[in-house]
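Data from start-v9.cif: mmCIF, C-alpha atoms
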data_entry
loop_
_atom_site.label_atom_id
_atom_site.label_comp_id
_atom_site.auth_asym_id
_atom_site.auth_seq_id
_atom_site.Cartn_x
_atom_site.Cartn_y
_atom_site.Cartn_z
CA MET O 1 -51.44 98.19 -64.30
CA SER O 2 -50.53 100.13 -67.41
CA LYS O 3 -51.93 98.51 -70.54
CA GLN O 4 -49.29 100.18 -72.70
CA ILE O 5 -46.47 98.82 -70.56
CA VAL O 6 -47.97 95.31 -70.56
CA TRP O 7 -48.37 95.47 -74.34
CA HIS O 8 -44.76 96.61 -74.68
CA GLU O 9 -43.57 93.72 -72.49
CA CYS O 10 -45.55 91.25 -74.60
CA GLN O 11 -44.01 92.65 -77.76
CA LYS O 12 -40.55 91.86 -76.45
CA VAL O 13 -41.36 88.17 -76.77
CA TRP O 14 -42.79 88.34 -80.29
CA LYS O 15 -39.87 90.48 -81.46
CA SER O 16 -37.40 87.90 -80.19
CA PRO O 17 -36.89 85.30 -82.96
CA ILE O 18 -36.00 82.51 -80.53
CA PHE O 19 -39.60 82.11 -79.36
CA LEU O 20 -41.06 81.96 -82.87
CA LEU O 21 -38.32 79.52 -83.81
CA LEU O 22 -39.13 77.31 -80.82
CA LEU O 23 -42.82 77.36 -81.68
CA PHE O 24 -41.99 76.34 -85.23
CA VAL O 25 -39.57 73.56 -84.20
CA PHE O 26 -41.99 72.15 -81.62
CA SER O 27 -44.89 72.21 -84.10
CA VAL O 28 -42.80 70.43 -86.74
CA PHE O 29 -41.75 67.78 -84.22
CA ASP O 30 -45.37 67.17 -83.23
CA PHE O 31 -46.37 67.04 -86.89
CA PHE O 32 -43.86 64.27 -87.61
CA LEU O 33 -44.87 62.41 -84.46
CA ILE O 34 -48.46 62.37 -85.73
CA ILE O 35 -47.57 61.53 -89.33
CA ASN O 36 -45.35 58.62 -88.23
CA ASN O 37 -48.42 57.01 -86.71
CA SER O 38 -50.83 57.84 -89.53
CA TYR O 39 -50.40 54.41 -91.13
CA MET O 40 -53.37 53.11 -89.11
CA LYS O 41 -55.80 55.94 -89.87
CA GLU O 42 -57.67 53.90 -92.49
CA GLU O 43 -58.25 51.06 -90.03
CA LEU O 44 -59.51 53.50 -87.41
CA LYS O 45 -62.36 54.55 -89.68
CA ILE O 46 -64.11 51.24 -88.94
CA ALA O 47 -64.97 52.33 -85.38
CA ASN O 48 -66.49 55.56 -86.70
CA GLU O 49 -68.51 53.65 -89.29
CA LEU O 50 -69.84 51.23 -86.67
CA ALA O 51 -70.95 54.07 -84.41
CA GLU O 52 -72.62 55.91 -87.27
CA THR O 53 -74.30 52.77 -88.67
CA TYR O 54 -75.49 51.04 -85.49
CA GLY O 55 -75.49 53.88 -82.98
CA LEU O 56 -72.90 54.65 -80.35
CA GLN O 57 -74.54 52.44 -77.72
CA ILE O 58 -73.97 48.69 -78.12
CA THR O 59 -77.21 46.77 -77.64
CA GLU O 60 -78.38 43.25 -78.41
CA GLU O 61 -80.41 44.60 -81.32
CA SER O 62 -77.47 46.54 -82.80
CA LEU O 63 -75.20 43.50 -82.45
CA GLN O 64 -77.75 41.35 -84.26
CA LEU O 65 -77.84 43.85 -87.12
CA PHE O 66 -74.04 43.92 -87.10
CA GLU O 67 -73.88 40.12 -87.24
CA GLN O 68 -76.30 40.03 -90.17
CA ALA O 69 -74.14 42.53 -92.05
CA LEU O 70 -71.06 40.42 -91.28
CA GLN O 71 -72.77 37.35 -92.69
CA LYS O 72 -73.41 39.18 -95.95
CA ASP O 73 -69.75 40.22 -96.07
CA ARG O 74 -68.70 36.59 -95.52
CA GLU O 75 -70.91 35.55 -98.42
CA GLN O 76 -69.07 38.10 -100.53
CA LEU O 77 -65.79 36.58 -99.29
CA VAL O 78 -66.98 33.14 -100.46
CA ALA O 79 -68.01 34.56 -103.83
CA ILE O 80 -64.57 36.11 -104.37
CA THR O 81 -62.47 33.16 -103.17
CA GLY O 82 -64.71 30.32 -104.37
CA LYS O 83 -64.26 28.66 -100.96
CA LYS O 84 -66.41 28.63 -97.84
CA PHE O 85 -64.95 30.08 -94.64
CA SER O 86 -66.60 30.52 -91.25
CA SER O 87 -64.69 33.74 -90.76
CA VAL O 88 -62.12 35.92 -92.49
CA SER O 89 -59.63 34.82 -89.82
CA GLU O 90 -59.96 31.27 -91.12
CA PHE O 91 -59.39 32.60 -94.62
CA PHE O 92 -56.11 34.27 -93.58
CA GLU O 93 -54.97 31.14 -91.76
CA GLN O 94 -55.42 29.01 -94.86
CA THR O 95 -54.11 31.52 -97.41
CA THR O 96 -50.43 31.93 -98.28
CA TRP O 97 -48.87 35.30 -99.08
CA GLU O 98 -48.57 34.28 -102.73
CA ASP O 99 -52.27 33.44 -102.94
CA PHE O 100 -53.23 36.64 -101.13
CA ASP O 101 -51.18 38.77 -103.55
CA SER O 102 -53.10 37.28 -106.46
CA TYR O 103 -56.26 39.14 -105.40
CA SER O 104 -56.99 42.67 -106.55
CA GLU O 105 -56.41 45.66 -104.28
CA VAL O 106 -60.17 46.11 -103.94
CA ASP O 107 -60.55 42.53 -102.75
CA LYS O 108 -57.63 42.86 -100.33
CA SER O 109 -59.19 45.98 -98.88
CA LEU O 110 -62.47 44.11 -98.45
CA PHE O 111 -60.71 41.24 -96.65
CA ARG O 112 -58.93 43.58 -94.24
CA GLU O 113 -62.10 45.54 -93.52
CA LEU O 114 -63.99 42.33 -92.81
CA GLU O 115 -61.20 41.19 -90.49
CA LEU O 116 -61.44 44.44 -88.51
CA LYS O 117 -65.22 44.21 -88.29
CA GLU O 118 -64.99 40.65 -86.98
CA MET O 119 -62.47 41.82 -84.39
CA TYR O 120 -64.83 44.54 -83.17
CA PHE O 121 -67.77 42.13 -83.13
CA GLN O 122 -65.86 39.56 -81.07
CA MET O 123 -64.72 42.26 -78.65
CA ALA O 124 -68.29 43.51 -78.26
CA GLN O 125 -69.50 39.98 -77.50
CA SER O 126 -66.79 39.50 -74.84
CA ILE O 127 -67.38 42.70 -72.88
CA ASP O 128 -69.58 41.17 -70.17
CA VAL O 129 -67.25 38.20 -69.68
CA TYR O 130 -64.20 40.40 -69.15
CA TYR O 131 -65.95 42.94 -66.93
CA ASP O 132 -67.60 40.30 -64.74
CA SER O 133 -64.18 38.78 -64.10
CA LEU O 134 -62.79 42.02 -62.67
CA LYS O 135 -62.90 42.54 -58.90
CA ILE O 136 -61.75 46.13 -58.47
CA ASP O 137 -61.75 46.26 -54.67
CA SER O 138 -59.37 43.27 -54.50
CA LEU O 139 -56.80 45.25 -56.51
CA ALA O 140 -56.11 47.46 -53.51
CA GLU O 141 -53.78 44.87 -52.03
CA ASP O 142 -51.79 44.74 -55.27
CA THR O 143 -51.25 48.50 -55.11
CA ILE O 144 -50.31 48.32 -51.42
CA ARG O 145 -47.73 45.61 -52.11
CA MET O 146 -46.39 47.45 -55.15
CA TYR O 147 -45.58 50.56 -53.12
CA GLY O 148 -44.84 48.75 -49.87
CA LEU O 149 -47.53 50.71 -47.99
CA SER O 150 -48.60 50.13 -44.42
CA GLY O 151 -50.62 51.87 -41.72
CA LYS O 152 -52.71 54.91 -42.66
CA PRO O 153 -51.65 55.07 -46.35
CA ALA O 154 -52.70 51.43 -46.88
CA GLU O 155 -56.05 52.12 -45.22
CA MET O 156 -56.63 55.18 -47.42
CA ILE O 157 -55.87 53.18 -50.56
CA ARG O 158 -58.30 50.41 -49.52
CA ASN O 159 -61.06 52.96 -48.92
CA GLU O 160 -60.45 54.58 -52.29
CA TYR O 161 -60.60 51.24 -54.08
CA ILE O 162 -63.95 50.55 -52.42
CA LYS O 163 -65.24 53.80 -53.94
CA LEU O 164 -63.73 52.84 -57.28
CA SER O 165 -65.40 49.42 -57.11
CA ASP O 166 -68.76 51.14 -56.56
CA ARG O 167 -68.10 53.35 -59.56
CA PHE O 168 -67.17 50.28 -61.61
CA GLU O 169 -70.45 48.58 -60.69
CA GLU O 170 -72.29 51.76 -61.64
CA ILE O 171 -70.62 51.65 -65.07
CA LYS O 172 -71.74 48.05 -65.59
CA ILE O 173 -75.32 48.75 -64.51
CA SER O 174 -75.68 51.83 -66.73
CA GLU O 175 -73.77 50.06 -69.56
CA GLU O 176 -71.64 53.15 -69.94
CA HIS O 177 -68.82 50.88 -71.09
CA LYS O 178 -70.87 49.38 -73.91
CA GLN O 179 -70.21 52.07 -76.47
CA TRP O 180 -68.07 52.01 -79.58
CA ALA O 181 -64.58 53.47 -79.48
CA PHE O 182 -61.22 52.76 -81.09
CA ALA O 183 -60.05 49.29 -80.12
CA GLY O 184 -57.59 49.91 -77.31
CA ALA O 185 -55.49 46.76 -77.41
CA PRO O 186 -54.19 47.02 -81.01
CA TYR O 187 -54.23 50.80 -81.49
CA LYS O 188 -53.86 52.44 -78.05
CA MET O 189 -55.20 55.72 -79.40
CA HIS O 190 -55.98 57.08 -75.94
CA SER O 191 -52.36 56.64 -74.86
CA PHE O 192 -51.06 57.97 -78.16
CA LEU O 193 -53.04 61.20 -77.88
CA PHE O 194 -53.07 61.85 -74.15
CA ARG O 195 -49.70 60.36 -73.20
CA ASN O 196 -47.49 60.71 -76.27
CA ILE O 197 -48.88 63.81 -77.98
CA PHE O 198 -49.91 65.64 -74.83
CA GLY O 199 -46.71 64.48 -73.12
CA ALA O 200 -44.68 66.18 -75.85
CA LEU O 201 -46.90 69.27 -75.62
CA VAL O 202 -46.39 69.49 -71.85
CA PHE O 203 -42.60 69.39 -72.19
CA GLN O 204 -42.66 71.95 -74.99
CA ALA O 205 -45.08 74.24 -73.15
CA LEU O 206 -42.93 74.12 -70.02
CA VAL O 207 -39.87 75.20 -72.01
CA LEU O 208 -41.81 78.09 -73.55
CA VAL O 209 -43.34 79.13 -70.22
CA VAL O 210 -40.02 79.14 -68.38
CA LEU O 211 -38.13 80.97 -71.13
CA THR O 212 -40.92 83.49 -71.75
CA THR O 213 -41.42 84.37 -68.09
CA ALA O 214 -37.71 84.52 -67.28
CA PHE O 215 -37.08 86.62 -70.41
CA ILE O 216 -39.75 89.19 -69.54
CA THR O 217 -38.95 89.33 -65.82
CA ASN O 218 -35.17 89.63 -66.18
CA TYR O 219 -35.06 91.65 -69.39
CA GLU O 220 -33.92 94.95 -67.84
CA VAL O 221 -31.45 93.33 -65.45
CA GLU O 222 -29.80 91.31 -68.21
CA HIS O 223 -29.71 94.31 -70.56
CA LYS O 224 -28.34 96.61 -67.82
CA THR O 225 -31.28 99.04 -68.04
CA HIS O 226 -32.87 98.17 -64.68
CA LEU O 227 -31.50 101.25 -62.90
CA LEU O 228 -33.38 103.47 -65.33
CA SER O 229 -36.55 101.34 -65.61
CA PHE O 230 -37.17 100.85 -61.89
CA SER O 231 -36.45 104.50 -61.05
CA THR O 232 -39.15 105.86 -63.34
CA ARG O 233 -42.60 107.07 -62.25
CA ARG O 234 -43.94 103.51 -62.46
CA GLY O 235 -41.00 102.35 -60.36
CA ARG O 236 -41.09 98.99 -58.63
CA ALA O 237 -44.73 98.50 -59.71
CA PHE O 238 -43.25 97.82 -63.14
CA MET O 239 -42.81 94.22 -61.96
CA LYS O 240 -46.60 93.81 -61.76
CA ASP O 241 -46.83 94.64 -65.44
CA LYS O 242 -44.17 92.06 -66.15
CA LEU O 243 -46.15 89.41 -64.27
CA ILE O 244 -49.33 90.18 -66.24
CA ALA O 245 -47.36 90.14 -69.51
CA SER O 246 -45.76 86.82 -68.54
CA LEU O 247 -49.16 85.24 -67.84
CA ILE O 248 -50.58 86.56 -71.12
CA MET O 249 -47.66 85.42 -73.25
CA SER O 250 -47.37 82.02 -71.54
CA LEU O 251 -51.04 81.37 -72.18
CA LEU O 252 -50.81 82.63 -75.76
CA MET O 253 -47.75 80.49 -76.49
CA CYS O 254 -49.49 77.40 -75.12
CA LEU O 255 -52.70 78.13 -77.04
CA VAL O 256 -50.81 78.43 -80.32
CA LEU O 257 -48.76 75.29 -79.67
CA PHE O 258 -51.73 73.18 -78.55
CA GLY O 259 -53.99 74.57 -81.27
CA VAL O 260 -51.60 73.84 -84.14
CA THR O 261 -50.76 70.33 -82.88
CA LEU O 262 -54.34 69.27 -82.14
CA ALA O 263 -55.55 70.69 -85.45
CA CYS O 264 -52.94 68.54 -87.18
CA TYR O 265 -53.89 65.47 -85.12
CA PHE O 266 -57.62 65.65 -85.84
CA SER O 267 -57.02 66.37 -89.51
CA VAL O 268 -55.21 63.02 -89.69
CA PHE O 269 -57.32 60.92 -87.31
CA SER O 270 -61.09 61.15 -87.66
CA TYR O 271 -63.31 61.00 -84.56
CA THR O 272 -66.50 61.74 -86.52
CA GLY O 273 -68.74 59.21 -84.78
CA LEU O 274 -66.85 58.95 -81.50
CA TRP O 275 -66.84 62.45 -79.98
CA ASP O 276 -69.44 61.34 -77.43
CA SER O 277 -67.87 57.95 -76.74
CA PRO O 278 -66.95 57.72 -73.02
CA ILE O 279 -63.37 57.31 -71.89
CA SER O 280 -64.60 54.36 -69.81
CA SER O 281 -65.70 52.48 -72.94
CA ALA O 282 -64.65 48.82 -72.87
CA PHE O 283 -63.09 49.31 -76.30
CA ASN O 284 -60.74 51.89 -74.80
CA TRP O 285 -59.19 49.13 -72.65
CA GLU O 286 -55.47 49.22 -73.44
CA TYR O 287 -53.56 47.52 -70.62
CA THR O 288 -54.28 45.42 -67.50
CA LEU O 289 -57.33 47.41 -66.45
CA PRO O 290 -59.90 49.43 -68.38
CA TYR O 291 -60.05 53.18 -67.87
CA ILE O 292 -62.48 53.90 -65.03
CA THR O 293 -63.30 57.59 -64.86
CA TRP O 294 -64.95 58.91 -61.71
CA ARG O 295 -67.91 60.04 -63.78
CA ASN O 296 -69.16 59.56 -67.31
CA ILE O 297 -66.83 61.71 -69.44
CA PRO O 298 -67.28 61.67 -73.24
CA PHE O 299 -64.12 61.93 -75.32
CA ILE O 300 -64.75 65.52 -76.41
CA GLN O 301 -65.32 66.60 -72.81
CA PHE O 302 -62.22 64.74 -71.62
CA LEU O 303 -60.17 66.45 -74.33
CA LEU O 304 -61.39 69.89 -73.27
CA LEU O 305 -60.95 69.18 -69.55
CA VAL O 306 -57.40 67.90 -69.99
CA THR O 307 -56.48 70.85 -72.21
CA LEU O 308 -57.95 73.41 -69.80
CA LEU O 309 -56.35 71.71 -66.81
CA LEU O 310 -52.93 71.74 -68.45
CA MET O 311 -53.36 75.38 -69.44
CA GLY O 312 -54.20 76.18 -65.84
CA CYS O 313 -51.10 74.33 -64.66
CA MET O 314 -48.96 76.29 -67.11
CA LEU O 315 -50.28 79.56 -65.67
CA LEU O 316 -49.44 78.34 -62.17
CA PHE O 317 -45.97 77.35 -63.37
CA THR O 318 -45.65 80.89 -64.75
CA LEU O 319 -46.11 82.20 -61.21
CA VAL O 320 -43.47 79.75 -59.96
CA VAL O 321 -40.99 80.91 -62.61
CA PHE O 322 -41.80 84.55 -61.87
CA THR O 323 -41.02 83.98 -58.18
CA ILE O 324 -37.70 82.32 -58.99
CA SER O 325 -36.77 85.00 -61.55
CA VAL O 326 -37.43 87.87 -59.17
CA ILE O 327 -35.13 86.29 -56.59
CA VAL O 328 -32.22 85.00 -58.72
CA LYS O 329 -32.38 87.67 -61.50
CA ASN O 330 -30.84 85.35 -64.07
CA SER O 331 -32.66 83.47 -66.84
CA TYR O 332 -30.21 80.55 -66.96
CA PHE O 333 -30.30 79.99 -63.20
CA THR O 334 -34.09 80.33 -63.30
CA PHE O 335 -34.34 77.58 -65.89
CA PHE O 336 -32.22 75.11 -63.92
CA ILE O 337 -33.81 75.92 -60.55
CA PHE O 338 -37.27 75.39 -62.06
CA ALA O 339 -36.13 72.07 -63.58
CA ILE O 340 -35.01 70.94 -60.11
CA PHE O 341 -38.32 72.13 -58.61
CA PHE O 342 -40.29 70.23 -61.26
CA ALA O 343 -38.26 67.03 -60.85
CA LEU O 344 -38.53 67.09 -57.05
CA GLY O 345 -42.30 67.47 -57.34
CA TYR O 346 -42.57 64.50 -59.67
CA LEU O 347 -40.31 62.27 -57.53
CA ALA O 348 -41.51 63.51 -54.12
CA SER O 349 -43.50 60.37 -53.24
CA GLY O 350 -40.39 58.24 -53.60
CA PHE O 351 -38.69 60.13 -50.77
CA MET O 352 -41.52 59.61 -48.27
CA PRO O 353 -41.83 56.83 -45.65
CA THR O 354 -44.25 54.14 -46.82
CA ASN O 355 -46.14 54.21 -43.52
CA SER O 356 -46.72 57.98 -43.63
CA ILE O 357 -49.71 59.70 -45.23
CA PHE O 358 -47.22 62.13 -46.80
CA ILE O 359 -46.38 59.46 -49.41
CA ILE O 360 -49.91 60.05 -50.72
CA PHE O 361 -50.06 63.80 -50.14
CA ALA O 362 -46.76 64.22 -52.02
CA SER O 363 -48.55 63.17 -55.22
CA PHE O 364 -50.83 66.20 -54.99
CA ASN O 365 -48.59 68.50 -57.02
CA LEU O 366 -48.51 70.11 -60.44
CA SER O 367 -45.61 68.02 -61.77
CA VAL O 368 -47.52 64.77 -61.29
CA ILE O 369 -50.64 66.18 -62.96
CA VAL O 370 -48.92 67.37 -66.13
CA MET O 371 -46.88 64.16 -66.46
CA ASN O 372 -50.01 61.97 -66.46
CA PRO O 373 -52.59 63.57 -68.76
CA HIS O 374 -53.76 60.16 -70.02
CA MET O 375 -54.75 59.09 -66.49
CA LEU O 376 -56.52 62.24 -65.34
CA PHE O 377 -60.01 61.99 -63.85
CA SER O 378 -59.52 58.22 -63.54
CA GLY O 379 -59.31 56.07 -60.44
CA GLN O 380 -56.80 53.32 -61.08
CA ASN O 381 -53.52 55.19 -61.45
CA GLY O 382 -52.04 54.62 -58.01
CA LEU O 383 -51.35 56.50 -54.76
CA GLY O 384 -52.63 60.08 -54.48
CA THR O 385 -53.47 60.45 -58.17
CA MET O 386 -56.25 57.84 -57.96
CA PHE O 387 -58.24 59.83 -55.41
CA HIS O 388 -61.61 61.27 -56.34
CA ASN O 389 -61.36 65.01 -57.19
CA TYR O 390 -57.56 64.74 -57.13
CA GLU O 391 -57.19 67.29 -59.94
CA VAL O 392 -59.44 69.92 -58.32
CA ILE O 393 -57.80 69.53 -54.90
CA THR O 394 -54.30 69.81 -56.38
CA ILE O 395 -55.08 72.88 -58.48
CA VAL O 396 -56.77 74.72 -55.59
CA ILE O 397 -53.93 73.97 -53.16
CA TRP O 398 -51.19 74.97 -55.57
CA ALA O 399 -53.05 78.03 -56.83
CA PHE O 400 -53.03 79.27 -53.25
CA ILE O 401 -49.35 78.33 -52.71
CA VAL O 402 -47.96 79.92 -55.86
CA THR O 403 -50.13 83.03 -55.51
CA VAL O 404 -48.84 83.62 -52.00
CA THR O 405 -45.20 82.95 -52.97
CA SER O 406 -45.38 85.26 -55.98
CA MET O 407 -46.84 88.01 -53.76
CA LEU O 408 -44.05 87.48 -51.25
CA ALA O 409 -41.50 87.59 -54.07
CA TYR O 410 -42.97 90.90 -55.23
CA LYS O 411 -42.76 92.34 -51.72
CA TYR O 412 -39.18 91.09 -51.48
CA PHE O 413 -38.41 92.89 -54.76
CA GLN O 414 -39.94 96.15 -53.47
CA LYS O 415 -37.54 96.16 -50.51
CA GLN O 416 -34.51 94.96 -52.44
CA SER O 417 -31.84 97.31 -53.72
CA ILE O 418 -32.01 97.82 -57.50
CA GLN O 419 -28.22 98.16 -57.71
#

Represent the structure of the file as structure tokens.
Amino acid sequence: MSKQIVWHECQKVWKSPIFLLLLFVFSVFDFFLIINNSYMKEELKIANELAETYGLQITEESLQLFEQALQKDREQLVAITGKKFSSVSEFFEQTTWEDFDSYSEVDKSLFRELELKEMYFQMAQSIDVYYDSLKIDSLAEDTIRMYGLSGKPAEMIRNEYIKLSDRFEEIKISEEHKQWAFAGAPYKMHSFLFRNIFGALVFQALVLVVLTTAFITNYEVEHKTHLLSFSTRRGRAFMKDKLIASLIMSLLMCLVLFGVTLACYFSVFSYTGLWDSPISSAFNWEYTLPYITWRNIPFIQFLLLVTLLLMGCMLLFTLVVFTISVIVKNSYFTFFIFAIFFALGYLASGFMPTNSIFIIFASFNLSVIVMNPHMLFSGQNGLGTMFHNYEVITIVIWAFIVTVTSMLAYKYFQKQSIQ
């Protein structure tokens, strides 16, 4: 590998205005996506305050202290309104909009804050009731019916749900779920960050990766200088330099895109007291089931793991694009062929017989991983993706596949006529 050649190949990308323009457009889009949801940032501060005031872990003692503080706030509510209410919810039920508008902004803010605190307190009191009512192992049959599974796939799903049920019981015993986090039901912050924001980042990163790799790989062919470039002293080995440059620039593009967007996100939404809150917190419960991670993963660790995993996937996709580019020698065709490859990977399970284990194995691909960042490292997201160590298995398998195919593509290029 020639460092000078690799550096020159990297410079081609930065000197092309289209890539800087795309980075700018994508960053602006993400910025507006975040800002459009910033209306709830003040309400989200309550969860941070609770964690900082009473500790991240929810205990009987901390709840008693919380209840005492709520009682003092209710006394302040009575002092302001001149009426006695058992809760701020009762106050809102008995107050018209006209009466509410008559209060000062400071008082209104106090009422809303008290309402949020009561919501968190009630949710904390109900955790055991909701969790005791869940029978995780019985959910296997629902999944089997949903996908119409039978035979070996159905048996594999049942076995995996038994493991998930054991993990769920472990969470209850260790009280891992009894820790403060943003209230999932009203705010859905986990989905907003890891499905909406990261979903947009994945799409944008894929566009940058495909265009960057195809641009570098096909540059000489599309500019009609390949006869000169590949007949030099470096010769066909020049393509190795292009592969290294493609990997470097794909990673750099993704780092800039992710870095700018996440910096914007965390400057708007504060996680001051919740960095160590587990993803499996009961407060993070957004839909039918709570998030059940295969091990205790704090938010900050989950964020880093998801980011690193997606970066790794983007590097593997770079190898895929490189392989396609070497064969078709056209950036436009490369883009569309990769889009078909990606779509087929994501939809592969739907083409498999429901009584074949391949319906599960088909989910072990890169497309499914990057399209479900909010459900990574969790056990209740259906078919192959719910399996323990699904992410590691998928990355290892596909790292081997794409490495071999890119090597074969390089050997094919060495034997191919440069005309």

- prompt: Leaving out O:Val321 and any residue of its chain fewer than 3 positions from it, which residues lie within 8 Å of it when counting only C-alpha atoms, given as JSON, numbers by chain?
  reply: {"O": [210, 213, 214, 317, 318, 324, 325, 334, 338]}

query: Of the candidates O:Val209, O:Leu303, O:Cys10, O:Leu274, which shows the shortest atom-to-atom distance to O:Leu315, using only C-alpha atoms?
result: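 Of all the options, O:Val209 lies closest to O:Leu315.
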
For stretch 115-128 of chain O, list every protein, DNA or RNA residue within 7 Å, evaluated using only C-alpha atoms, and leave out those in the same chain fewer than 5 positions away; present the list as a compact mmCIF listing (two decimals) with C-alpha atoms, in the frame of the given file.
# COMPACT_ATOMS: atom_id res chain seq x y z
CA VAL O 88 -62.12 35.92 -92.49
CA SER O 89 -59.63 34.82 -89.82
CA ALA O 282 -64.65 48.82 -72.87

Point-to-point distance from atom CA of O:Arg158 to atom CA of O:Ala140, Å rounded to tenths: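 Going from atom CA of O:Arg158 over to atom CA of O:Ala140, I get 5.4 Å.
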
task: Name every residue that the PyMOL selection byres ((chain O and resi 150) around 12) selects in this structure, writing the answer as a ChimeraX atom specification with chains first and numbers rising.
output: /O:141,143-149,151-158,353-357,359-360

query: Between O:Lys3, O:Glu286, O:Thr394, O:Leu23, which has the minimum distance to O:Val207 (counting only C-alpha atoms)?
result: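 Among the listed residues, O:Leu23 lies closest to O:Val207.
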
query: Got a sec: who's within 9 Å of O:Val320, counting all atoms listed in the file, leaving out chain neighbours fewer than 6 positions off, as a list in words?
result: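 Returned residues: Phe338, Val402, Thr403, Thr405 and Ser406 of chain O.
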
message: Would you compute the distance between atom CA of O:Phe182 and atom CA of O:Glu60? Give it in Å to one decimal.
response: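 Between atom CA of O:Phe182 and atom CA of O:Glu60 the gap is 19.8 Å.
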
task: Give me the result of the PyMOL selection byres ((chain O and resi 264) around 12) on this file, residue by residue, as a PyMOL selection string.
output: chain O and resi 27-35+38+193+197+257-263+265-270

- request: Might you spell out which residues the PyMOL selection byres ((chain O and resi 377) around 8) would select in the displayed file, as a ChimeraX atom specification?
  value: /O:293-294,375-376,378-379,388-391

- line: With distances taken over only C-alpha atoms, the candidate from O:Leu316, O:Met40, O:Val370, O:Cys254 nearest O:Thr385 is O:Val370

I'd like the box whose edges run along x, y and z of the file and which contains every listed atom of stretch 327-330 of chain O, padded by 3 Å per side; could you state its centre and edge lengths in Å, one decimal, as lines of an AutoDock Vina configuration file?
center_x = -33.0
center_y = 86.3
center_z = -60.3
size_x = 10.3
size_y = 8.7
size_z = 13.5

- request: Could you check which of O:Leu201, O:Ile216, O:Ile292, O:Ile18 is closest to O:Ala245, using all atoms listed in the file?
  value: O:Ile216

- prompt: Which residues come within 12 Å of O:Phe351, counting only C-alpha atoms, excluding same-chain residues fewer than 6 positions away, as a list in words?
  reply: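 Selected residues are Leu344, Gly345, Phe358, Ile359, Ile360, Phe361, Ala362 and Ser363 of chain O.
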
Protein and nucleic acid residues near (-40.3, 61.4, -58.3) (cut-off 12 Å, all atoms listed in the file) as a tab-separated table (two decimals) with C-alpha atoms, in the coordinates of the input:
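Saved the output as out_23.tsv:
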chain	number	residue	atom	x	y	z
O	340	ILE	CA	-35.01	70.94	-60.11
O	341	PHE	CA	-38.32	72.13	-58.61
O	342	PHE	CA	-40.29	70.23	-61.26
O	343	ALA	CA	-38.26	67.03	-60.85
O	344	LEU	CA	-38.53	67.09	-57.05
O	345	GLY	CA	-42.30	67.47	-57.34
O	346	TYR	CA	-42.57	64.50	-59.67
O	347	LEU	CA	-40.31	62.27	-57.53
O	348	ALA	CA	-41.51	63.51	-54.12
O	349	SER	CA	-43.50	60.37	-53.24
O	350	GLY	CA	-40.39	58.24	-53.60
O	351	PHE	CA	-38.69	60.13	-50.77
O	352	MET	CA	-41.52	59.61	-48.27
O	359	ILE	CA	-46.38	59.46	-49.41
O	362	ALA	CA	-46.76	64.22	-52.02
O	363	SER	CA	-48.55	63.17	-55.22
O	365	ASN	CA	-48.59	68.50	-57.02
O	367	SER	CA	-45.61	68.02	-61.77
O	368	VAL	CA	-47.52	64.77	-61.29
O	371	MET	CA	-46.88	64.16	-66.46

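A straight line drawn from atom CA of O:Asn196 to atom CA of O:Trp398 is 25.4 Å long.
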
Which of O:Met386, O:Leu252, O:Val129, O:Ala181 sits closest to O:Pro278 [using only C-alpha atoms]: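 Comparing O:Met386, O:Leu252, O:Val129, O:Ala181 against O:Pro278, the winner is O:Ala181.
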
Could you name the residues that touch O:Ile300 at 10 Å or less, counting all atoms listed in the file, but leaving out those on the same chain fewer than 6 positions away, as a PDB file with C-alpha atoms, in the frame of the given file?
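For reference, selection-v4.pdb as written:
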ATOM      1  CA  TYR O 271     -63.310  61.000 -84.560  1.00  0.00           C
ATOM      2  CA  LEU O 274     -66.850  58.950 -81.500  1.00  0.00           C
ATOM      3  CA  TRP O 275     -66.840  62.450 -79.980  1.00  0.00           C
ATOM      4  CA  ASP O 276     -69.440  61.340 -77.430  1.00  0.00           C
ATOM      5  CA  SER O 277     -67.870  57.950 -76.740  1.00  0.00           C
ATOM      6  CA  PRO O 278     -66.950  57.720 -73.020  1.00  0.00           C
ATOM      7  CA  ILE O 279     -63.370  57.310 -71.890  1.00  0.00           C
TER       8      ILE O 279
END
